[in-house]
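Engineer: Mind having a look at this structure? Questions to follow.
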Protein chains: 2
Amino acid sequence: MSKVEAPSKVEGRRAELRETLVALAEAQIVQGGMSSVKARDLAGKAGCAVGAIYNVFPDMTALIMAVNLRTFLRIGVEVAGAVVGHEALAPERRLVLLARAYLRFADQNHHLWKALFDLEMPRDSDVPPAYNQALEELFDHIARPVSELFQELDPDGVQLMARTLFSSVHGIVSLGLQNRLSGVPLERVEAMIEALLLRVAKT
Amino acid sequence: MSKVEAPSKVEGRRAELRETLVALAEAQIVQGGMSSVKARDLAGKAGCAVGAIYNVFPDMTALIMAVNLRTFLRIGVEVAGAVVGHEALAPERRLVLLARAYLRFADQNHHLWKALFDLEMPRDSDVPPAYNQALEELFDHIARPVSELFQELDPDGVQLMARTLFSSVHGIVSLGLQNRLSGVPLERVEAMIEALLLRVAKT
């Protein structure tokens, strides 16, 4: 009788539009990088008004963060998969496998990976909990071999070392792939990762 | 008698315009970051036509690379200065001092530092020799303690390890300063750098 739609139906449509926009933004990032994502283009492809985007996302940053969340989850899957069946390897060897999986993902999904770090992030309080949770899970994969390797570390120390090693490998991957500053050819990137992790493990 | 200026005078003017433009671009990067550098604005401030910029630089990338060269030289000075008077320290402790100087520079000159890595670089063949030389000198500062620390490494191995450690520290600085992905507060960045370098040194 009423012209007002039932809340569940409205919510369903909003969720659908969100999913559509995230998928379109993701495809655009893959193709042209984060800076090529434009509200007008997305609205055109989604068949909605530009304003409709801002009904389901507070701003374009939030939309790209939704893409980035998916990317982090995918990295988590790749990284976790890299050590399956290799549980018997020494922890430093498992760290090398994790790092290689990260390098491979970054190399094969360059624009998606770059968007993770190029996005100007909002204040911590505006970061969705799912986003931080995906990060925590990624660090947990690293923390496991780290805690075996450095048994003298307390849980805080393990977290610090896991983040230190992630950041270090990220730096090697990042400069290596950009073939910049250091001018390191790609084929040496794996050797650098291994050199670092095996040195760190030699205690 | 001729209206054509002497080559030396033309060259002098070109050199002067180059210097002016580099200084203006640098000031603009400090203020608003690399993406805020616009040819039109620079021409206005330099009192020249927009086209005159392209008489002295092939493109804006080349102009920003000239700024980046200055930045690399400044980092080299800071990094070299960090170990002066500390020659008697153990090599891993000197590496920590070098890394801290790098962190400090990045923190205090954020936009200039970011431009080093955000610029889409041309192919290697188009990179001016002075640029690569500044990089080599930066790596030499790192290679010195590295060669003392790992006396079993040949010169290639020392270079690889120096670049590996630079990239690692760069990753820690980069993610730490962005306070992103890893969500690491700035005060832990120094602890992470030290944790990494002292672990690597423990062989």
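So you can find residues: chains in the structure tokens are A, B, ... in the order shown, residues in each start at 1, and ligands are numbered from 1 in order.
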May I have the residues of chain A within 10 Å of chain B, counting only C-alpha atoms, written as a PyMOL selection string?

Structural biologist: chain A and resi 72+116-124+131-132+135-136+138-139+157+160-176+178-184+188-189+191-203

Engineer: Superimpose chain A on chain B so that the squared distances between all in-order C-alpha pairs are minimised, and send the result as a compact mmCIF listing (two decimals) with C-alpha atoms, in the first residue's frame.

Structural biologist:
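Written output follows (part.txt):
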# COMPACT_ATOMS: atom_id res chain seq x y z
CA MET A 1 76.91 43.30 -34.90
CA SER A 2 74.90 40.13 -35.17
CA LYS A 3 71.54 39.77 -33.47
CA VAL A 4 72.40 36.16 -32.66
CA GLU A 5 73.70 35.99 -29.10
CA ALA A 6 77.05 34.35 -28.42
CA PRO A 7 76.61 30.64 -27.59
CA SER A 8 78.15 31.08 -24.13
CA LYS A 9 75.62 33.78 -23.27
CA VAL A 10 72.72 31.64 -24.47
CA GLU A 11 74.07 28.73 -22.46
CA GLY A 12 74.43 30.93 -19.40
CA ARG A 13 70.81 31.99 -19.63
CA ARG A 14 69.64 28.44 -20.12
CA ALA A 15 71.60 27.31 -17.08
CA GLU A 16 70.14 30.17 -15.07
CA LEU A 17 66.57 29.31 -16.11
CA ARG A 18 67.19 25.66 -15.28
CA GLU A 19 68.38 26.58 -11.79
CA THR A 20 65.44 28.91 -11.25
CA LEU A 21 62.95 26.25 -12.35
CA VAL A 22 64.54 23.55 -10.19
CA ALA A 23 64.44 25.86 -7.15
CA LEU A 24 60.79 26.77 -7.83
CA ALA A 25 59.77 23.15 -8.39
CA GLU A 26 61.56 22.13 -5.22
CA ALA A 27 59.77 24.82 -3.19
CA GLN A 28 56.46 23.68 -4.71
CA ILE A 29 57.10 20.02 -3.86
CA VAL A 30 58.00 20.99 -0.27
CA GLN A 31 54.75 22.89 0.01
CA GLY A 32 52.23 20.74 -1.84
CA GLY A 33 53.91 17.55 -2.99
CA MET A 34 54.96 16.43 -6.44
CA SER A 35 51.47 16.40 -7.92
CA SER A 36 51.10 20.13 -7.21
CA VAL A 37 53.92 21.06 -9.61
CA LYS A 38 52.36 22.65 -12.72
CA ALA A 39 54.27 24.01 -15.73
CA ARG A 40 52.02 27.07 -15.96
CA ASP A 41 52.54 28.06 -12.31
CA LEU A 42 56.30 27.60 -12.56
CA ALA A 43 56.46 29.68 -15.75
CA GLY A 44 54.47 32.44 -14.02
CA LYS A 45 56.82 32.50 -11.05
CA ALA A 46 59.94 32.27 -13.22
CA GLY A 47 58.65 35.03 -15.49
CA CYS A 48 59.02 32.93 -18.63
CA ALA A 49 56.69 31.39 -21.20
CA VAL A 50 55.49 27.83 -20.54
CA GLY A 51 57.31 26.78 -23.73
CA ALA A 52 60.60 28.08 -22.33
CA ILE A 53 60.50 25.34 -19.70
CA TYR A 54 60.62 22.76 -22.47
CA ASN A 55 63.66 24.47 -23.97
CA VAL A 56 65.67 23.55 -20.89
CA PHE A 57 63.95 20.33 -19.79
CA PRO A 58 62.60 17.68 -22.18
CA ASP A 59 59.55 17.26 -19.95
CA MET A 60 58.26 17.80 -16.41
CA THR A 61 59.62 14.39 -15.39
CA ALA A 62 63.14 15.60 -16.20
CA LEU A 63 62.55 18.73 -14.11
CA ILE A 64 61.35 16.73 -11.12
CA MET A 65 64.30 14.36 -11.55
CA ALA A 66 66.58 17.39 -11.24
CA VAL A 67 64.88 18.17 -7.91
CA ASN A 68 65.20 14.51 -6.90
CA LEU A 69 68.91 14.55 -7.69
CA ARG A 70 69.32 17.43 -5.22
CA THR A 71 67.31 15.49 -2.66
CA PHE A 72 69.50 12.40 -3.09
CA LEU A 73 72.61 14.53 -2.66
CA ARG A 74 71.15 16.02 0.52
CA ILE A 75 70.32 12.55 1.86
CA GLY A 76 73.90 11.52 1.06
CA VAL A 77 75.22 14.46 3.12
CA GLU A 78 72.92 13.68 6.06
CA VAL A 79 73.71 9.98 6.00
CA ALA A 80 77.47 10.54 5.70
CA GLY A 81 77.34 13.06 8.54
CA ALA A 82 75.54 10.61 10.81
CA VAL A 83 78.64 8.42 11.27
CA VAL A 84 81.26 11.19 11.48
CA GLY A 85 82.94 10.91 14.87
CA HIS A 86 81.49 7.40 15.33
CA GLU A 87 84.07 5.53 13.26
CA ALA A 88 85.02 3.43 16.27
CA LEU A 89 81.49 2.02 16.70
CA ALA A 90 80.71 -1.54 15.62
CA PRO A 91 79.57 -1.70 11.98
CA GLU A 92 75.99 -2.67 12.90
CA ARG A 93 75.78 0.37 15.19
CA ARG A 94 76.95 2.57 12.34
CA LEU A 95 74.26 1.01 10.13
CA VAL A 96 71.69 1.98 12.76
CA LEU A 97 73.00 5.59 12.69
CA LEU A 98 72.79 5.68 8.88
CA ALA A 99 69.25 4.31 8.95
CA ARG A 100 68.16 6.79 11.63
CA ALA A 101 69.51 9.67 9.55
CA TYR A 102 67.46 8.37 6.62
CA LEU A 103 64.34 8.10 8.79
CA ARG A 104 64.89 11.63 10.11
CA PHE A 105 65.32 13.05 6.62
CA ALA A 106 62.19 11.30 5.35
CA ASP A 107 60.19 12.50 8.35
CA GLN A 108 61.33 16.11 8.11
CA ASN A 109 61.24 16.39 4.30
CA HIS A 110 58.24 14.24 3.63
CA HIS A 111 57.14 15.61 0.24
CA LEU A 112 60.68 15.81 -1.17
CA TRP A 113 61.39 12.28 0.00
CA LYS A 114 58.10 10.98 -1.37
CA ALA A 115 58.80 12.50 -4.79
CA LEU A 116 61.86 10.24 -5.06
CA PHE A 117 59.63 7.19 -5.18
CA ASP A 118 56.38 8.53 -6.60
CA LEU A 119 57.93 9.78 -9.83
CA GLU A 120 57.38 7.49 -12.78
CA MET A 121 60.96 7.08 -13.91
CA PRO A 122 62.04 7.00 -17.55
CA ARG A 123 63.96 4.06 -18.99
CA ASP A 124 67.43 3.60 -17.56
CA SER A 125 69.04 5.01 -20.68
CA ASP A 126 67.34 8.37 -20.10
CA VAL A 127 68.46 8.71 -16.48
CA PRO A 128 71.20 11.37 -16.23
CA PRO A 129 74.58 9.93 -15.12
CA ALA A 130 74.70 12.37 -12.17
CA TYR A 131 71.52 10.77 -10.86
CA ASN A 132 72.92 7.25 -10.88
CA GLN A 133 76.17 8.52 -9.42
CA ALA A 134 74.35 10.09 -6.46
CA LEU A 135 72.65 6.73 -5.84
CA GLU A 136 75.96 4.87 -6.02
CA GLU A 137 77.45 7.23 -3.46
CA LEU A 138 74.49 6.70 -1.16
CA PHE A 139 74.95 2.93 -1.40
CA ASP A 140 78.70 3.29 -0.78
CA HIS A 141 77.95 4.75 2.66
CA ILE A 142 75.99 1.60 3.46
CA ALA A 143 78.45 -0.77 1.78
CA ARG A 144 81.30 0.30 4.06
CA PRO A 145 79.91 -1.08 7.35
CA VAL A 146 78.32 -3.99 5.44
CA SER A 147 81.73 -5.11 4.13
CA GLU A 148 83.17 -4.96 7.66
CA LEU A 149 80.23 -6.89 9.04
CA PHE A 150 80.15 -9.66 6.43
CA GLN A 151 83.80 -10.18 5.61
CA GLU A 152 83.04 -13.39 3.75
CA LEU A 153 81.09 -11.50 1.04
CA ASP A 154 82.72 -10.61 -2.29
CA PRO A 155 82.15 -7.09 -3.68
CA ASP A 156 78.98 -8.18 -5.52
CA GLY A 157 77.66 -9.78 -2.34
CA VAL A 158 78.38 -6.58 -0.42
CA GLN A 159 76.50 -4.51 -3.01
CA LEU A 160 73.54 -6.92 -2.89
CA MET A 161 73.45 -6.81 0.92
CA ALA A 162 73.78 -2.99 0.98
CA ARG A 163 70.82 -2.69 -1.38
CA THR A 164 68.87 -5.32 0.54
CA LEU A 165 69.36 -3.46 3.81
CA PHE A 166 68.62 -0.09 2.24
CA SER A 167 65.38 -1.46 0.74
CA SER A 168 64.43 -3.07 4.05
CA VAL A 169 64.99 0.11 6.05
CA HIS A 170 63.18 2.06 3.34
CA GLY A 171 60.19 -0.28 3.72
CA ILE A 172 60.13 0.19 7.50
CA VAL A 173 60.44 3.98 7.15
CA SER A 174 57.89 4.11 4.38
CA LEU A 175 55.14 2.08 6.08
CA GLY A 176 56.02 3.54 9.47
CA LEU A 177 55.70 7.14 8.30
CA GLN A 178 52.53 6.48 6.37
CA ASN A 179 51.08 4.92 9.50
CA ARG A 180 49.20 2.63 7.22
CA LEU A 181 48.98 -0.96 6.46
CA SER A 182 50.86 -2.03 9.52
CA GLY A 183 49.39 0.70 11.72
CA VAL A 184 52.76 1.10 13.44
CA PRO A 185 53.07 4.25 15.55
CA LEU A 186 56.03 6.43 14.60
CA GLU A 187 57.83 5.87 17.89
CA ARG A 188 58.14 2.18 17.07
CA VAL A 189 59.80 2.81 13.70
CA GLU A 190 63.23 3.36 15.25
CA ALA A 191 62.83 0.24 17.34
CA MET A 192 61.95 -1.77 14.22
CA ILE A 193 64.98 -0.48 12.32
CA GLU A 194 67.23 -1.36 15.22
CA ALA A 195 65.62 -4.78 15.70
CA LEU A 196 66.18 -5.59 12.04
CA LEU A 197 69.75 -4.39 11.74
CA LEU A 198 70.96 -5.92 14.98
CA ARG A 199 69.34 -9.26 14.06
CA VAL A 200 70.95 -9.21 10.64
CA ALA A 201 74.33 -8.46 12.23
CA LYS A 202 74.13 -11.40 14.66
CA THR A 203 75.90 -13.96 12.54

Engineer: Apply DSSP to the backbone of this structure and, from region 105-187 of chain A, keep only the residues in helix (DSSP H, G or I); write these as a PyMOL selection string.

Structural biologist: chain A and resi 105-108+110-118+124-126+129-149+155-178+187
